[in-house]
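Undergrad: I'd like to ask you about the structure that follows.
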Amino acid sequence: MTPRRAREAIQEARYTRPAVASPPEALAHAQLEWDTPLYRMAVAQFDQAVPVAGIPDDIAERLRYPERSTIVSIPVRMDTGRRVVFPGYRVQHSSIIGPTKGGIRYDANVTLGECAALAMWMTWKCALLRLPYGGAKGGVRCDPRSLSIGELERLTRRFTSELLPVIGPKEDIPAPDMATNEQTMAWMMDTYSMQRGFAVPEIVTGKPISIGGSVFRHEATGAGVVMVASRACDRLGLSLAEQRCVVQGFGNVGGIASQELHDRGASVTAVSDVSGGLHSEDGLDIPSLLEYVREHGSLEGCAAGRRLTNEELLETECDILVLAAREDQITEDNAPRIHARMIVEGANGPTSLEADGVLWEREIPVLPDILTNAGGVTVSYFEWVQDLGRIFWTRDEIRAKLELMLSDAFDRVWDLAEEHTVPLRTGALVAGIREVSDALEARGIFP
Ligand code: GLU
């Protein structure tokens, strides 16, 4: 596919609904339930990949929609004594290959449609890595920074109990995502276990190590991002240690990725978090910035470099730009002003469909989210297997297994992209979609 044709395909996918086997009215109403920009983007990416994947129409039509969407309302007693009701969601996109898997996020932008998009990406991500899972995602619409620890605990416990009918170690296994962490997972595991009457560590992943968590889960996503970037450098004949990197996001993904880059000898010249960014042409001292954030909660007030805004950071000249903050960061507007030689997606959905077209034309490779941040769910899978089997592996064993699985997925994606002359994102989607389609064809659509 030439860049021009790819761009046209993107426009077509965006504006026209592809011909499908079932009558268009069948799900026209249901599509509205999830209709948000992010869900439209996930479906448009899927529609771009389907012709390359070459899967049957009726299978494609089934995979365009999540299997089950749950909406709950969560009453929480605030510290003031007042009760506030928060909306919560869990969307399970596909259970064809195994239980559904995916994070729980606490964020002001959480909607059913956002969870549906993220759940669909989880399906392709798990299938690409050949994990025996389908995709899910959930969350609560709230401002997590304004909630106290006690409020977060009550919210998490009530949310978990509202989800009891749809989650389980063989049904759907939550994990951390934006603004949730080991503690959130501990509350979820405890709430679920209290209902069952015994400890069920395998109900969630990303737990504290003391209750069955993996010794490498906390670092897994950020470390995996750098493993994939390093593999890409090898393929392009570059040395990772010689790259100048800019990292957007300095939390669990961006912070760890920065540390890994720094450890491998690369120079990290700019980083940012919600409070803005810091830049130093000579390279930032990442360990001391992480120490600063541990002490102060964010980069706010840190004088270790020149301050810059998140927008400026994205347009900073560099070799590798790691996007590890949130969705919708590179758009049609700023894509022409990106001065990176490679984009690495640590967050889910940070590059818009239109931006993908611009970057493809500008020949800037984008290492796509469903490949690049898959280290998190891969180590989640190891954690779940270890909990089920009650056996535990060492850090080095886990790290080595992760590197093997990410490298294998990377090579398949790279080869597919080369074979079809499509962006790496399409290559990754094609690999994932084919796995799920083969499984659905083998099982058949019930009844
Ligand atoms: N929330 C992470 C993701 O987007 C991890 C999901 C998991 O570990 O299940 O991939």
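Going by the structure tokens order, chains are called A, B, ..., each with residues numbered from 1, while ligands are numbered from 1 in the order shown.
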Which residues are near Leu404 in chain A? Cut-off 12 Å, only C-alpha atoms, ignore same chain within fewer than 5 positions. Put them as a list in words.
TA: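 Counting only the stated atoms, we get Leu129, Gly224, Met227, Val228, Arg231, Gly375, Thr378, Glu397, Ile398, Arg399, Ala409, Phe410 and Asp411 of chain A.
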Undergrad: Compile the contact shell of range 317-325 of chain A as a list in words: residues with an atom at most 6 Å away, counting only C-alpha atoms, same-chain residues fewer than 2 positions apart removed.
TA: Gln243, Arg244, Cys245, Val246, Val247, Gln248, Gly249, Gly254, His339, Ala340, Arg341, Met342, Ile343, Val344, Glu345, Gly346 and Ala347 of chain A
Undergrad: Around ligand 1, out to 9 Å and counting only C-alpha atoms and all ligand atoms, which residues are there? I want them as a ChimeraX atom specification.
TA: /A:100-105,118-119,121-122,125-126,135-137,173-178,204-206,217,221,347-348,369-370,373-381
Undergrad: Once DSSP has gone over the backbone, tell me which residues of range 267-355 of chain A are in strand (DSSP E or B), as JSON, numbers by chain.
TA: {"A": [267, 268, 269, 270, 271, 272, 273, 276, 277, 278, 279, 306, 307, 308, 320, 321, 322, 323, 330, 342, 343, 344, 345, 351]}
Undergrad: Restricting the output to N, CA and C atoms, write the selected residues as an mmCIF file, in the first residue's frame.
TA:
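Final file, out-v3.cif:
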data_model
loop_
_atom_site.group_PDB
_atom_site.id
_atom_site.type_symbol
_atom_site.label_atom_id
_atom_site.label_comp_id
_atom_site.auth_asym_id
_atom_site.auth_seq_id
_atom_site.Cartn_x
_atom_site.Cartn_y
_atom_site.Cartn_z
ATOM 1 N N SER A 267 20.233 8.623 26.195
ATOM 2 C CA SER A 267 20.123 9.906 26.871
ATOM 3 C C SER A 267 18.655 10.347 26.866
ATOM 4 N N VAL A 268 18.089 10.573 28.051
ATOM 5 C CA VAL A 268 16.694 11.047 28.132
ATOM 6 C C VAL A 268 16.754 12.564 28.288
ATOM 7 N N THR A 269 16.397 13.289 27.226
ATOM 8 C CA THR A 269 16.593 14.745 27.243
ATOM 9 C C THR A 269 15.372 15.509 27.741
ATOM 10 N N ALA A 270 14.195 14.874 27.759
ATOM 11 C CA ALA A 270 13.011 15.573 28.286
ATOM 12 C C ALA A 270 12.012 14.563 28.824
ATOM 13 N N VAL A 271 11.349 14.939 29.918
ATOM 14 C CA VAL A 271 10.259 14.119 30.470
ATOM 15 C C VAL A 271 9.150 15.072 30.911
ATOM 16 N N SER A 272 7.937 14.524 31.078
ATOM 17 C CA SER A 272 6.856 15.381 31.578
ATOM 18 C C SER A 272 5.842 14.554 32.343
ATOM 19 N N ASP A 273 5.071 15.225 33.191
ATOM 20 C CA ASP A 273 3.898 14.608 33.805
ATOM 21 C C ASP A 273 2.783 15.645 33.774
ATOM 22 N N GLY A 276 3.642 19.350 33.800
ATOM 23 C CA GLY A 276 4.466 19.941 32.742
ATOM 24 C C GLY A 276 5.771 19.173 32.586
ATOM 25 N N GLY A 277 6.698 19.743 31.788
ATOM 26 C CA GLY A 277 7.899 18.980 31.465
ATOM 27 C C GLY A 277 9.192 19.670 31.825
ATOM 28 N N LEU A 278 10.283 18.902 31.690
ATOM 29 C CA LEU A 278 11.641 19.381 31.951
ATOM 30 C C LEU A 278 12.515 18.952 30.797
ATOM 31 N N HIS A 279 13.422 19.841 30.369
ATOM 32 C CA HIS A 279 14.261 19.535 29.220
ATOM 33 C C HIS A 279 15.711 19.881 29.521
ATOM 34 N N ARG A 306 15.213 22.902 31.956
ATOM 35 C CA ARG A 306 14.364 24.004 31.485
ATOM 36 C C ARG A 306 12.913 23.519 31.491
ATOM 37 N N ARG A 307 11.988 24.337 32.039
ATOM 38 C CA ARG A 307 10.575 23.930 32.068
ATOM 39 C C ARG A 307 9.980 24.055 30.668
ATOM 40 N N LEU A 308 9.118 23.141 30.304
ATOM 41 C CA LEU A 308 8.386 23.273 29.035
ATOM 42 C C LEU A 308 7.010 22.637 29.191
ATOM 43 N N ILE A 320 13.893 9.257 19.665
ATOM 44 C CA ILE A 320 12.778 8.395 20.079
ATOM 45 C C ILE A 320 11.833 9.199 20.973
ATOM 46 N N LEU A 321 10.561 9.245 20.578
ATOM 47 C CA LEU A 321 9.547 9.907 21.412
ATOM 48 C C LEU A 321 8.666 8.824 22.014
ATOM 49 N N VAL A 322 8.709 8.697 23.347
ATOM 50 C CA VAL A 322 7.885 7.690 24.031
ATOM 51 C C VAL A 322 6.622 8.382 24.542
ATOM 52 N N LEU A 323 5.457 7.884 24.136
ATOM 53 C CA LEU A 323 4.186 8.464 24.585
ATOM 54 C C LEU A 323 3.650 7.568 25.692
ATOM 55 N N ILE A 330 -1.025 12.771 19.840
ATOM 56 C CA ILE A 330 -0.545 13.214 18.525
ATOM 57 C C ILE A 330 -1.746 13.189 17.599
ATOM 58 N N MET A 342 11.388 8.161 15.636
ATOM 59 C CA MET A 342 10.574 6.977 15.912
ATOM 60 C C MET A 342 9.629 7.312 17.066
ATOM 61 N N ILE A 343 8.380 6.814 16.974
ATOM 62 C CA ILE A 343 7.421 7.042 18.059
ATOM 63 C C ILE A 343 7.101 5.706 18.717
ATOM 64 N N VAL A 344 7.112 5.715 20.035
ATOM 65 C CA VAL A 344 6.936 4.487 20.795
ATOM 66 C C VAL A 344 5.734 4.689 21.723
ATOM 67 N N GLU A 345 4.679 3.887 21.521
ATOM 68 C CA GLU A 345 3.442 4.110 22.282
ATOM 69 C C GLU A 345 3.388 3.256 23.548
ATOM 70 N N THR A 351 -2.042 8.081 19.562
ATOM 71 C CA THR A 351 -1.909 8.667 18.220
ATOM 72 C C THR A 351 -3.235 8.540 17.484
#
Undergrad: Enter the distance from CA of Lys207 in chain A to CA of Ala186 in chain A, in Å, rounded to one decimal.
TA: 5.7 Å
Undergrad: Name all residues at most 7 Å from range 383-390 of chain A (count only C-alpha atoms; drop same-chain ones fewer than 6 positions away) and give them as a ChimeraX atom specification.
TA: /A:201-202,205,212-214
